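J.: So here's input.json (JSON, C-alpha atoms).
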```json
[["chain", "number", "residue", "atom", "x", "y", "z"],
["A", 1, "MET", "CA", -14.14, 39.22, -64.97],
["A", 2, "ILE", "CA", -14.73, 37.42, -68.27],
["A", 3, "GLY", "CA", -14.75, 34.15, -66.33],
["A", 4, "VAL", "CA", -17.58, 35.36, -64.10],
["A", 5, "ILE", "CA", -19.60, 36.57, -67.08],
["A", 6, "SER", "CA", -18.99, 33.29, -68.89],
["A", 7, "TYR", "CA", -20.25, 31.33, -65.91],
["A", 8, "LEU", "CA", -23.33, 33.54, -65.57],
["A", 9, "VAL", "CA", -24.14, 32.89, -69.24],
["A", 10, "PHE", "CA", -23.75, 29.16, -68.64],
["A", 11, "PHE", "CA", -25.93, 29.34, -65.52],
["A", 12, "ALA", "CA", -28.64, 31.36, -67.25],
["A", 13, "THR", "CA", -28.64, 29.05, -70.28],
["A", 14, "VAL", "CA", -29.18, 25.89, -68.25],
["A", 15, "ALA", "CA", -31.76, 27.62, -66.01],
["A", 16, "SER", "CA", -33.65, 28.87, -69.09],
["A", 17, "ILE", "CA", -33.68, 25.38, -70.61],
["A", 18, "LEU", "CA", -35.01, 23.89, -67.38],
["A", 19, "SER", "CA", -37.57, 26.71, -67.19],
["A", 20, "ILE", "CA", -39.06, 25.50, -70.46],
["A", 21, "ALA", "CA", -39.40, 21.99, -69.01],
["A", 22, "VAL", "CA", -41.02, 23.39, -65.86],
["A", 23, "LEU", "CA", -43.50, 25.36, -67.97],
["A", 24, "GLY", "CA", -44.46, 22.09, -69.66],
["A", 25, "LEU", "CA", -45.04, 20.49, -66.27],
["A", 26, "ASN", "CA", -47.03, 23.51, -65.16],
["A", 27, "LEU", "CA", -49.39, 23.01, -68.09],
["A", 28, "GLN", "CA", -49.93, 19.41, -67.01],
["A", 29, "TRP", "CA", -50.09, 19.76, -63.24],
["A", 30, "GLY", "CA", -50.68, 23.44, -62.53],
["A", 31, "ASN", "CA", -53.46, 23.87, -65.09],
["A", 32, "THR", "CA", -54.85, 20.36, -65.66],
["A", 33, "GLY", "CA", -54.06, 18.48, -62.44],
["A", 34, "LEU", "CA", -52.07, 15.71, -64.14],
["A", 35, "PHE", "CA", -49.45, 14.29, -61.76],
["A", 36, "ASN", "CA", -46.66, 13.45, -64.21],
["A", 37, "GLY", "CA", -43.93, 11.55, -62.38],
["A", 38, "GLY", "CA", -42.03, 10.75, -65.57],
["A", 39, "VAL", "CA", -40.92, 14.19, -66.72],
["A", 40, "VAL", "CA", -37.42, 12.96, -67.48],
["A", 41, "ALA", "CA", -38.70, 10.41, -70.00],
["A", 42, "PHE", "CA", -40.17, 13.11, -72.25],
["A", 43, "PHE", "CA", -37.21, 15.42, -71.63],
["A", 44, "GLY", "CA", -34.93, 12.55, -72.63],
["A", 45, "ALA", "CA", -37.00, 11.61, -75.68],
["A", 46, "GLY", "CA", -36.54, 15.14, -77.00],
["A", 47, "ALA", "CA", -32.82, 15.06, -76.25],
["A", 48, "TYR", "CA", -32.16, 11.68, -77.84],
["A", 49, "GLY", "CA", -34.44, 12.42, -80.79],
["A", 50, "THR", "CA", -32.64, 15.69, -81.55],
["A", 51, "LEU", "CA", -29.16, 14.14, -81.50],
["A", 52, "ILE", "CA", -30.20, 11.06, -83.47],
["A", 53, "LEU", "CA", -31.83, 13.13, -86.20],
["A", 54, "GLY", "CA", -29.21, 15.90, -86.31],
["A", 55, "GLY", "CA", -26.01, 14.01, -85.53],
["A", 56, "THR", "CA", -23.36, 12.56, -87.79],
["A", 57, "PRO", "CA", -23.14, 8.80, -88.47],
["A", 58, "GLN", "CA", -21.51, 6.78, -85.70],
["A", 59, "ALA", "CA", -20.48, 3.14, -86.04],
["A", 60, "GLY", "CA", -23.03, 0.78, -84.53],
["A", 61, "GLN", "CA", -25.47, 3.54, -83.55],
["A", 62, "LEU", "CA", -28.91, 4.45, -84.76],
["A", 63, "GLY", "CA", -29.32, 7.76, -86.50],
["A", 64, "GLY", "CA", -26.69, 10.07, -87.85],
["A", 65, "PHE", "CA", -29.17, 11.54, -90.33],
["A", 66, "GLY", "CA", -27.54, 14.97, -90.26],
["A", 67, "LEU", "CA", -30.79, 16.93, -90.57],
["A", 68, "PRO", "CA", -30.67, 20.73, -90.30],
["A", 69, "TYR", "CA", -30.73, 21.75, -86.67],
["A", 70, "LEU", "CA", -34.21, 23.24, -86.50],
["A", 71, "LEU", "CA", -35.68, 20.15, -88.19],
["A", 72, "ALA", "CA", -33.80, 17.91, -85.76],
["A", 73, "LEU", "CA", -35.11, 19.96, -82.83],
["A", 74, "LEU", "CA", -38.68, 19.71, -84.13],
["A", 75, "GLY", "CA", -38.12, 15.99, -84.64],
["A", 76, "GLY", "CA", -37.01, 15.63, -81.03],
["A", 77, "MET", "CA", -40.17, 17.43, -79.90],
["A", 78, "ALA", "CA", -42.20, 15.06, -82.09],
["A", 79, "CYS", "CA", -40.47, 12.07, -80.47],
["A", 80, "ALA", "CA", -41.45, 13.37, -77.03],
["A", 81, "GLY", "CA", -45.02, 13.91, -78.25],
["A", 82, "ILE", "CA", -45.28, 10.38, -79.66],
["A", 83, "VAL", "CA", -43.97, 8.84, -76.44],
["A", 84, "ALA", "CA", -46.42, 10.99, -74.45],
["A", 85, "TRP", "CA", -49.32, 10.01, -76.69],
["A", 86, "ILE", "CA", -48.59, 6.30, -76.23],
["A", 87, "VAL", "CA", -48.10, 6.67, -72.47],
["A", 88, "GLY", "CA", -51.16, 8.89, -72.24],
["A", 89, "LEU", "CA", -53.44, 6.41, -73.97],
["A", 90, "LEU", "CA", -52.40, 3.78, -71.43],
["A", 91, "THR", "CA", -52.40, 5.89, -68.27],
["A", 92, "ILE", "CA", -54.43, 9.06, -68.70],
["A", 93, "ARG", "CA", -57.53, 7.57, -67.04],
["A", 94, "LEU", "CA", -55.55, 7.01, -63.86],
["A", 95, "ARG", "CA", -55.86, 9.57, -61.09],
["A", 96, "HIS", "CA", -53.26, 11.44, -59.05],
["A", 97, "ASP", "CA", -51.00, 8.99, -57.19],
["A", 98, "TYR", "CA", -51.75, 6.13, -59.59],
["A", 99, "LEU", "CA", -50.81, 8.30, -62.56],
["A", 100, "ALA", "CA", -47.68, 9.45, -60.74],
["A", 101, "ILE", "CA", -46.56, 5.87, -60.07],
["A", 102, "ALA", "CA", -47.27, 4.78, -63.64],
["A", 103, "THR", "CA", -45.41, 7.69, -65.24],
["A", 104, "PHE", "CA", -42.51, 7.33, -62.80],
["A", 105, "GLY", "CA", -42.25, 3.73, -63.98],
["A", 106, "VAL", "CA", -42.05, 5.04, -67.55],
["A", 107, "ALA", "CA", -39.13, 7.30, -66.54],
["A", 108, "VAL", "CA", -37.24, 4.40, -64.94],
["A", 109, "ALA", "CA", -37.94, 2.20, -67.96],
["A", 110, "PHE", "CA", -36.74, 4.93, -70.35],
["A", 111, "GLU", "CA", -33.42, 5.33, -68.54],
["A", 112, "THR", "CA", -32.95, 1.54, -68.40],
["A", 113, "VAL", "CA", -33.64, 1.12, -72.12],
["A", 114, "MET", "CA", -31.25, 3.91, -73.04],
["A", 115, "ARG", "CA", -28.53, 2.46, -70.82],
["A", 116, "ASN", "CA", -28.82, -1.05, -72.24],
["A", 117, "THR", "CA", -29.42, -0.37, -75.93],
["A", 118, "ASP", "CA", -26.12, -0.13, -77.80],
["A", 119, "ALA", "CA", -27.83, 1.23, -80.91],
["A", 120, "LEU", "CA", -28.84, 4.26, -78.82],
["A", 121, "GLY", "CA", -25.37, 4.76, -77.39],
["A", 122, "GLY", "CA", -25.80, 2.56, -74.33],
["A", 123, "ALA", "CA", -24.13, 3.76, -71.17],
["A", 124, "GLN", "CA", -21.65, 5.82, -73.24],
["A", 125, "GLY", "CA", -24.39, 8.02, -74.66],
["A", 126, "ILE", "CA", -24.71, 9.63, -78.10],
["A", 127, "ARG", "CA", -21.90, 11.70, -79.54],
["A", 128, "GLY", "CA", -21.06, 13.05, -82.97],
["A", 129, "PHE", "CA", -23.44, 16.01, -82.87],
["A", 130, "GLU", "CA", -22.16, 19.17, -84.53],
["A", 131, "ARG", "CA", -23.39, 22.23, -82.65],
["A", 132, "PRO", "CA", -25.19, 24.56, -85.09],
["A", 133, "LEU", "CA", -23.15, 27.51, -86.43],
["A", 134, "ARG", "CA", -20.06, 26.26, -84.60],
["A", 135, "ASP", "CA", -17.83, 27.02, -87.58],
["A", 136, "THR", "CA", -19.08, 30.60, -87.65],
["A", 137, "LEU", "CA", -19.13, 31.37, -83.92],
["A", 138, "GLY", "CA", -16.53, 28.95, -82.62],
["A", 139, "ASN", "CA", -16.85, 27.00, -79.37],
["A", 140, "GLY", "CA", -16.06, 29.77, -76.90],
["A", 141, "PHE", "CA", -17.87, 32.55, -75.11],
["A", 142, "THR", "CA", -19.38, 34.05, -78.27],
["A", 143, "TYR", "CA", -21.10, 30.79, -79.12],
["A", 144, "ASN", "CA", -22.44, 30.29, -75.61],
["A", 145, "LEU", "CA", -23.78, 33.84, -75.54],
["A", 146, "ALA", "CA", -25.49, 33.39, -78.92],
["A", 147, "PHE", "CA", -27.00, 30.09, -77.83],
["A", 148, "PHE", "CA", -28.27, 31.68, -74.62],
["A", 149, "VAL", "CA", -30.05, 34.35, -76.65],
["A", 150, "PHE", "CA", -31.60, 31.61, -78.79],
["A", 151, "VAL", "CA", -32.77, 29.70, -75.71],
["A", 152, "LEU", "CA", -34.09, 32.89, -74.12],
["A", 153, "ILE", "CA", -36.16, 33.65, -77.24],
["A", 154, "LEU", "CA", -37.67, 30.15, -77.11],
["A", 155, "LEU", "CA", -38.36, 30.52, -73.38],
["A", 156, "ILE", "CA", -40.17, 33.82, -73.92],
["A", 157, "ALA", "CA", -42.12, 32.37, -76.86],
["A", 158, "THR", "CA", -43.15, 29.33, -74.78],
["A", 159, "TYR", "CA", -44.15, 31.56, -71.87],
["A", 160, "LEU", "CA", -46.27, 33.85, -74.04],
["A", 161, "PHE", "CA", -47.88, 30.89, -75.82],
["A", 162, "LEU", "CA", -48.89, 29.28, -72.52],
["A", 163, "GLU", "CA", -50.13, 32.60, -71.13],
["A", 164, "ARG", "CA", -52.42, 32.99, -74.13],
["A", 165, "LEU", "CA", -53.45, 29.34, -73.89],
["A", 166, "ILE", "CA", -54.59, 29.48, -70.26],
["A", 167, "GLN", "CA", -56.56, 32.68, -70.89],
["A", 168, "CYS", "CA", -58.49, 31.25, -73.85],
["A", 169, "PRO", "CA", -61.56, 28.97, -73.52],
["A", 170, "PHE", "CA", -59.39, 25.84, -73.73],
["A", 171, "GLY", "CA", -57.35, 27.05, -70.76],
["A", 172, "ARG", "CA", -60.50, 27.61, -68.76],
["A", 173, "LEU", "CA", -61.60, 24.11, -69.71],
["A", 174, "LEU", "CA", -58.32, 22.72, -68.38],
["A", 175, "ARG", "CA", -58.84, 24.40, -65.03],
["A", 176, "ALA", "CA", -62.47, 23.28, -64.93],
["A", 177, "ILE", "CA", -61.38, 19.66, -65.36],
["A", 178, "ARG", "CA", -58.69, 20.16, -62.73],
["A", 179, "GLU", "CA", -61.20, 21.49, -60.21],
["A", 180, "ASP", "CA", -64.20, 19.24, -60.92],
["A", 181, "GLU", "CA", -63.98, 16.72, -63.71],
["A", 182, "THR", "CA", -67.51, 15.43, -63.15],
["A", 183, "ALA", "CA", -68.98, 18.90, -63.52],
["A", 184, "ALA", "CA", -67.02, 19.49, -66.73],
["A", 185, "GLN", "CA", -68.23, 16.17, -68.11],
["A", 186, "SER", "CA", -71.83, 17.05, -67.28],
["A", 187, "LEU", "CA", -71.48, 20.06, -69.58],
["A", 188, "GLY", "CA", -70.71, 17.80, -72.53],
["A", 189, "LYS", "CA", -66.92, 17.98, -72.38],
["A", 190, "SER", "CA", -64.59, 14.99, -72.76],
["A", 191, "PRO", "CA", -62.13, 15.08, -69.83],
["A", 192, "SER", "CA", -60.09, 12.14, -71.10],
["A", 193, "ARG", "CA", -59.49, 13.75, -74.48],
["A", 194, "VAL", "CA", -58.65, 17.12, -72.95],
["A", 195, "ARG", "CA", -56.33, 15.56, -70.37],
["A", 196, "LEU", "CA", -54.55, 13.64, -73.14],
["A", 197, "THR", "CA", -54.16, 16.82, -75.19],
["A", 198, "SER", "CA", -52.67, 18.65, -72.22],
["A", 199, "PHE", "CA", -50.40, 15.72, -71.39],
["A", 200, "VAL", "CA", -49.01, 15.53, -74.94],
["A", 201, "ALA", "CA", -48.64, 19.31, -75.28],
["A", 202, "GLY", "CA", -46.76, 19.59, -71.98],
["A", 203, "SER", "CA", -44.52, 16.68, -72.94],
["A", 204, "VAL", "CA", -43.70, 18.27, -76.31],
["A", 205, "ILE", "CA", -42.55, 21.37, -74.41],
["A", 206, "MET", "CA", -40.40, 19.13, -72.19],
["A", 207, "GLY", "CA", -39.03, 17.56, -75.37],
["A", 208, "LEU", "CA", -38.04, 21.03, -76.59],
["A", 209, "ALA", "CA", -36.13, 21.56, -73.35],
["A", 210, "GLY", "CA", -34.43, 18.19, -73.74],
["A", 211, "GLY", "CA", -33.40, 18.98, -77.31],
["A", 212, "LEU", "CA", -31.91, 22.31, -76.24],
["A", 213, "TYR", "CA", -30.09, 20.65, -73.34],
["A", 214, "ALA", "CA", -28.56, 18.03, -75.64],
["A", 215, "THR", "CA", -27.62, 20.72, -78.14],
["A", 216, "PHE", "CA", -25.88, 22.81, -75.50],
["A", 217, "TYR", "CA", -23.68, 19.91, -74.41],
["A", 218, "ALA", "CA", -23.58, 18.22, -77.86],
["A", 219, "PHE", "CA", -23.99, 14.97, -75.94],
["A", 220, "ILE", "CA", -26.62, 12.97, -74.07],
["A", 221, "SER", "CA", -26.33, 9.83, -71.98],
["A", 222, "PRO", "CA", -28.48, 7.86, -69.51],
["A", 223, "GLN", "CA", -26.73, 9.77, -66.72],
["A", 224, "ASP", "CA", -28.50, 12.92, -67.94],
["A", 225, "VAL", "CA", -31.97, 11.34, -67.75],
["A", 226, "LEU", "CA", -31.91, 9.87, -64.26],
["A", 227, "PRO", "CA", -35.27, 10.01, -62.40],
["A", 228, "ILE", "CA", -33.81, 12.56, -59.97],
["A", 229, "LEU", "CA", -34.21, 15.18, -62.71],
["A", 230, "THR", "CA", -37.96, 14.71, -62.40],
["A", 231, "PHE", "CA", -37.82, 15.65, -58.72],
["A", 232, "GLN", "CA", -35.62, 18.66, -59.46],
["A", 233, "ILE", "CA", -38.16, 19.95, -61.97],
["A", 234, "TRP", "CA", -41.02, 19.26, -59.56],
["A", 235, "ALA", "CA", -39.16, 21.16, -56.82],
["A", 236, "MET", "CA", -38.79, 24.13, -59.18],
["A", 237, "LEU", "CA", -42.53, 24.18, -59.86],
["A", 238, "ILE", "CA", -43.53, 23.68, -56.22],
["A", 239, "VAL", "CA", -41.26, 26.48, -55.04],
["A", 240, "GLY", "CA", -42.35, 28.86, -57.78],
["A", 241, "GLY", "CA", -46.05, 28.12, -57.61],
["A", 242, "ALA", "CA", -48.13, 25.65, -59.61],
["A", 243, "GLY", "CA", -50.61, 27.28, -61.98],
["A", 244, "ASN", "CA", -48.50, 30.42, -62.40],
["A", 245, "ASN", "CA", -46.14, 30.51, -65.38],
["A", 246, "LYS", "CA", -44.17, 33.39, -63.89],
["A", 247, "GLY", "CA", -43.75, 31.38, -60.70],
["A", 248, "ALA", "CA", -42.58, 28.37, -62.71],
["A", 249, "VAL", "CA", -39.76, 30.39, -64.26],
["A", 250, "MET", "CA", -38.79, 32.13, -61.03],
["A", 251, "GLY", "CA", -38.83, 28.85, -59.11],
["A", 252, "THR", "CA", -36.52, 27.30, -61.70],
["A", 253, "PHE", "CA", -33.91, 30.02, -61.36],
["A", 254, "LEU", "CA", -34.13, 29.93, -57.55],
["A", 255, "ILE", "CA", -33.74, 26.15, -57.27],
["A", 256, "TRP", "CA", -31.01, 26.00, -59.91],
["A", 257, "ALA", "CA", -29.15, 28.75, -58.05],
["A", 258, "ALA", "CA", -29.53, 26.84, -54.77],
["A", 259, "TRP", "CA", -28.39, 23.61, -56.46],
["A", 260, "THR", "CA", -25.25, 25.12, -57.94],
["A", 261, "ALA", "CA", -24.47, 27.13, -54.80],
["A", 262, "SER", "CA", -24.81, 24.08, -52.56],
["A", 263, "GLY", "CA", -22.52, 22.07, -54.85],
["A", 264, "TRP", "CA", -19.92, 24.83, -54.79],
["A", 265, "ALA", "CA", -20.15, 25.25, -51.00],
["A", 266, "LEU", "CA", -19.82, 21.53, -50.34],
["A", 267, "SER", "CA", -16.84, 21.19, -52.67],
["A", 268, "ARG", "CA", -15.18, 24.27, -51.18],
["A", 269, "PHE", "CA", -15.79, 24.03, -47.44],
["A", 270, "ALA", "CA", -16.91, 20.49, -46.58],
["A", 271, "PRO", "CA", -14.36, 17.90, -45.36],
["A", 272, "LEU", "CA", -13.01, 15.57, -48.03],
["A", 273, "GLU", "CA", -14.94, 12.57, -46.72],
["A", 274, "VAL", "CA", -18.16, 14.61, -47.01],
["A", 275, "GLN", "CA", -17.35, 15.83, -50.52],
["A", 276, "LEU", "CA", -17.53, 12.23, -51.73],
["A", 277, "TYR", "CA", -21.27, 12.38, -51.07],
["A", 278, "THR", "CA", -21.93, 15.82, -52.55],
["A", 279, "GLY", "CA", -24.46, 14.53, -55.07],
["A", 280, "SER", "CA", -26.35, 12.51, -52.47],
["A", 281, "ILE", "CA", -26.44, 15.47, -50.08],
["A", 282, "GLN", "CA", -27.86, 17.68, -52.83],
["A", 283, "PHE", "CA", -30.58, 15.11, -53.52],
["A", 284, "VAL", "CA", -31.49, 15.12, -49.83],
["A", 285, "LEU", "CA", -31.65, 18.92, -49.94],
["A", 286, "ILE", "CA", -34.08, 18.73, -52.89],
["A", 287, "GLY", "CA", -36.27, 16.44, -50.79],
["A", 288, "PHE", "CA", -36.19, 18.89, -47.88],
["A", 289, "VAL", "CA", -37.12, 21.75, -50.20],
["A", 290, "ILE", "CA", -40.14, 19.90, -51.58],
["A", 291, "VAL", "CA", -41.40, 18.79, -48.16],
["A", 292, "GLY", "CA", -40.65, 22.17, -46.57],
["A", 293, "MET", "CA", -42.51, 24.14, -49.22],
["A", 294, "LEU", "CA", -45.52, 21.80, -49.08],
["A", 295, "LEU", "CA", -45.70, 22.33, -45.32],
["A", 296, "TRP", "CA", -44.87, 26.04, -45.18],
["A", 297, "ARG", "CA", -46.32, 27.46, -48.39],
["A", 298, "PRO", "CA", -48.00, 24.79, -50.55],
["A", 299, "GLN", "CA", -49.19, 27.39, -53.05],
["A", 300, "GLY", "CA", -45.56, 28.39, -53.79],
["A", 301, "LEU", "CA", -43.82, 31.75, -53.69],
["A", 302, "PHE", "CA", -45.93, 33.01, -56.59],
["A", 303, "PRO", "CA", -49.44, 31.53, -56.18],
["A", 304, "GLU", "CA", -51.85, 31.08, -59.03],
["A", 305, "LYS", "CA", -53.96, 34.15, -59.70],
["A", 306, "LEU", "CA", -57.69, 33.68, -59.97],
["A", 307, "VAL", "CA", -59.06, 34.88, -63.29],
["A", 308, "VAL", "CA", -62.57, 36.30, -63.47],
["A", 309, "SER", "CA", -64.01, 36.34, -66.98],
["A", 310, "GLN", "CA", -65.74, 39.38, -68.42],
["A", 311, "SER", "CA", -69.03, 37.49, -68.61],
["A", 312, "ALA", "CA", -68.82, 36.66, -64.89],
["A", 313, "ARG", "CA", -68.22, 40.34, -64.10],
["A", 314, "SER", "CA", -71.20, 41.44, -66.19],
["A", 315, "ASN", "CA", -73.52, 39.02, -64.35],
["A", 316, "LYS", "CA", -72.75, 40.61, -60.99]]
```
Please render this file's structure as structure tokens.
T.:
Amino acid sequence: MIGVISYLVFFATVASILSIAVLGLNLQWGNTGLFNGGVVAFFGAGAYGTLILGGTPQAGQLGGFGLPYLLALLGGMACAGIVAWIVGLLTIRLRHDYLAIATFGVAVAFETVMRNTDALGGAQGIRGFERPLRDTLGNGFTYNLAFFVFVLILLIATYLFLERLIQCPFGRLLRAIREDETAAQSLGKSPSRVRLTSFVAGSVIMGLAGGLYATFYAFISPQDVLPILTFQIWAMLIVGGAGNNKGAVMGTFLIWAAWTASGWALSRFAPLEVQLYTGSIQFVLIGFVIVGMLLWRPQGLFPEKLVVSQSARSNK
């Protein structure tokens, strides 16, 4: 029984971390219309930044500053924000598919740089990170449960922050730019500046998810920031419903459940020669999910709810 509970805690922790990343993407795409194809680059920047700032010194590697955990996590988020700001300045004027291609190129470049830079761990990744409060809680079930509670608190805080954000005037401005950028510009707004703000803010949230992911495993490597993670996160948002934060979270848990269940089923019931291609089969399934949802229910399982302002009601 304890084994089942332990696995459920593990499952919920990873799903909650990914939910934070999906909420960041929802801010960019669901609310602003920014097609970010390089999610994993900002996720990875947060992960690498957190371990570099909070880890212990390792021979031949950058970092090992040993900062307190919360400072290291904030530093990882700042790293993701800086990367997003630089990328945004160069690409934010691009539209839709062009922006997607450019940011996807950033994700591929990020993984390549991490894999080939020995000072950043190279293909072996970054180790030497001491999980916070490990001496007090140990490395077993108690620690994992405490870390899950911590992640859940951050997920709820991120969710509530974004809910307030999209209901305030700035949130309405984001949706106005998403629907008709020319009309928003005619009202004296600066779409480029607003789009850049949204892009950086969403990427900082992805960086938070990356920092939590790296903390949970106390390790990060190029294998963890492959471009396929971008498509997984996109699938979670598409299934849940772009523009709806509740849908983003629900879609994450559904897709992560399907991903883990399919891996277990293939390893348990598939012939040995098929099990060798479990990862590839799961990637194909992700593709089918994305295409199927776009054809069957493009608005997602939990569509965006139209918000009518009080002023609009009073004018009726």
J.: How many Å separate atom CA of A:Asn245 from atom CA of A:Tyr159?
T.: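 Separating atom CA of A:Asn245 from atom CA of A:Tyr159 is a distance of 6.9 Å.
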J.: Using only C-alpha atoms, what does the table of stretch 135-235 of chain A residues within 7 Å of stretch 73-88 of chain A look like, with each row giving the shortest atom pair and its distance in Å to one decimal, sorted by chain and ascending number, as a tab-separated table?
T.:
```
residue	atom	partner	partner_atom	distance
A:Leu196	CA	A:Gly88	CA	5.9
A:Phe199	CA	A:Ala84	CA	6.9
A:Val200	CA	A:Ala84	CA	5.2
A:Ser203	CA	A:Gly81	CA	6.0
A:Val204	CA	A:Gly81	CA	5.0
A:Gly207	CA	A:Met77	CA	4.7
A:Leu208	CA	A:Met77	CA	5.3
A:Gly211	CA	A:Leu73	CA	5.9
```
J.: Using only C-alpha atoms, find the one residue out of A:Ile286, A:Ile17, A:Ala214, A:Leu8 that sits nearest to A:Gln232.
T.: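 Among A:Ile286, A:Ile17, A:Ala214, A:Leu8, it is A:Ile286 that comes nearest to A:Gln232.
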J.: For atom CA of A:Leu51 and atom CA of A:Leu89, quote the distance in Å rounded to one decimal.
T.: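 Separation between atom CA of A:Leu51 and atom CA of A:Leu89: 26.6 Å.
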J.: For stretch 288-290 of chain A, work out the shell of residues within 12 Å, counting all atoms listed in the file and skipping chain neighbours fewer than 6 positions away, then give it as a ChimeraX atom specification.
T.: /A:231-241,251,254-255,258-259,281-282,296-300
J.: What separation in Å, quoted to one decimal, exists between atom CA of A:Phe219 and atom CA of A:Met206?
T.: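 Between these atoms lies a distance of 17.3 Å.
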J.: Which of these residues is nearest to A:Gly287, using all atoms listed in the file: A:Val194, A:Phe216, A:Phe10, A:Thr230?
T.: A:Thr230
J.: Kindly list the centre and edge lengths in Å, rounded to one decimal, for the axis-aligned box that covers all listed atoms of stretch 242-253 of chain A plus 4 Å on each of its six sides, as JSON.
T.:
```
{"center_x": -42.3, "center_y": 29.5, "center_z": -62.2, "size_x": 24.7, "size_y": 15.7, "size_z": 14.3}
```
J.: Could you pull the residues within 6 Å of stretch 143-157 of chain A, counting only C-alpha atoms, minus those fewer than 6 positions along the same chain, as a ChimeraX atom specification?
T.: /A:13,20,137
J.: Export, as a compact mmCIF listing (two decimals), in the frame of the given file, the selected residues with C-alpha atoms.
T.:
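Once written, out26.txt looks like this:
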```txt
# COMPACT_ATOMS: atom_id res chain seq x y z
CA THR A 13 -28.64 29.05 -70.28
CA ILE A 20 -39.06 25.50 -70.46
CA LEU A 137 -19.13 31.37 -83.92
```
J.: Would you mind telling me which residue in A:Asp180, A:Glu130, A:Asp118, A:Asp224 lies nearest to A:Leu67 when using all atoms listed in the file?
T.: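 Using all atoms listed in the file, A:Leu67 sits closest to A:Glu130.
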J.: Would you mind telling me which residue in A:Ala41, A:Leu162, A:Leu295, A:Ala176 lies nearest to A:Ala209 when using only C-alpha atoms?
T.: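 Using only C-alpha atoms, A:Ala209 sits closest to A:Ala41.
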J.: Find the spatial neighbours of A:Pro227, counting all atoms listed in the file, within a cut-off of 9 Å - ignore same-chain residues fewer than 3 positions away - and output them as a compact mmCIF listing (two decimals) with C-alpha atoms, keeping the file's coordinate frame.
T.:
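See around19.txt below for the written result:
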```txt
# COMPACT_ATOMS: atom_id res chain seq x y z
CA GLY A 37 -43.93 11.55 -62.38
CA GLY A 38 -42.03 10.75 -65.57
CA VAL A 39 -40.92 14.19 -66.72
CA VAL A 40 -37.42 12.96 -67.48
CA ALA A 41 -38.70 10.41 -70.00
CA PHE A 104 -42.51 7.33 -62.80
CA ALA A 107 -39.13 7.30 -66.54
CA VAL A 108 -37.24 4.40 -64.94
CA GLU A 111 -33.42 5.33 -68.54
CA THR A 230 -37.96 14.71 -62.40
CA PHE A 231 -37.82 15.65 -58.72
```
J.: Go through A:Leu160, A:Leu25, A:Ile101, A:Ala72 and flag the residue nearest A:Ala47, using only C-alpha atoms for the distances.
T.: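 Residue with the minimum atom-to-atom distance to A:Ala47: A:Ala72.
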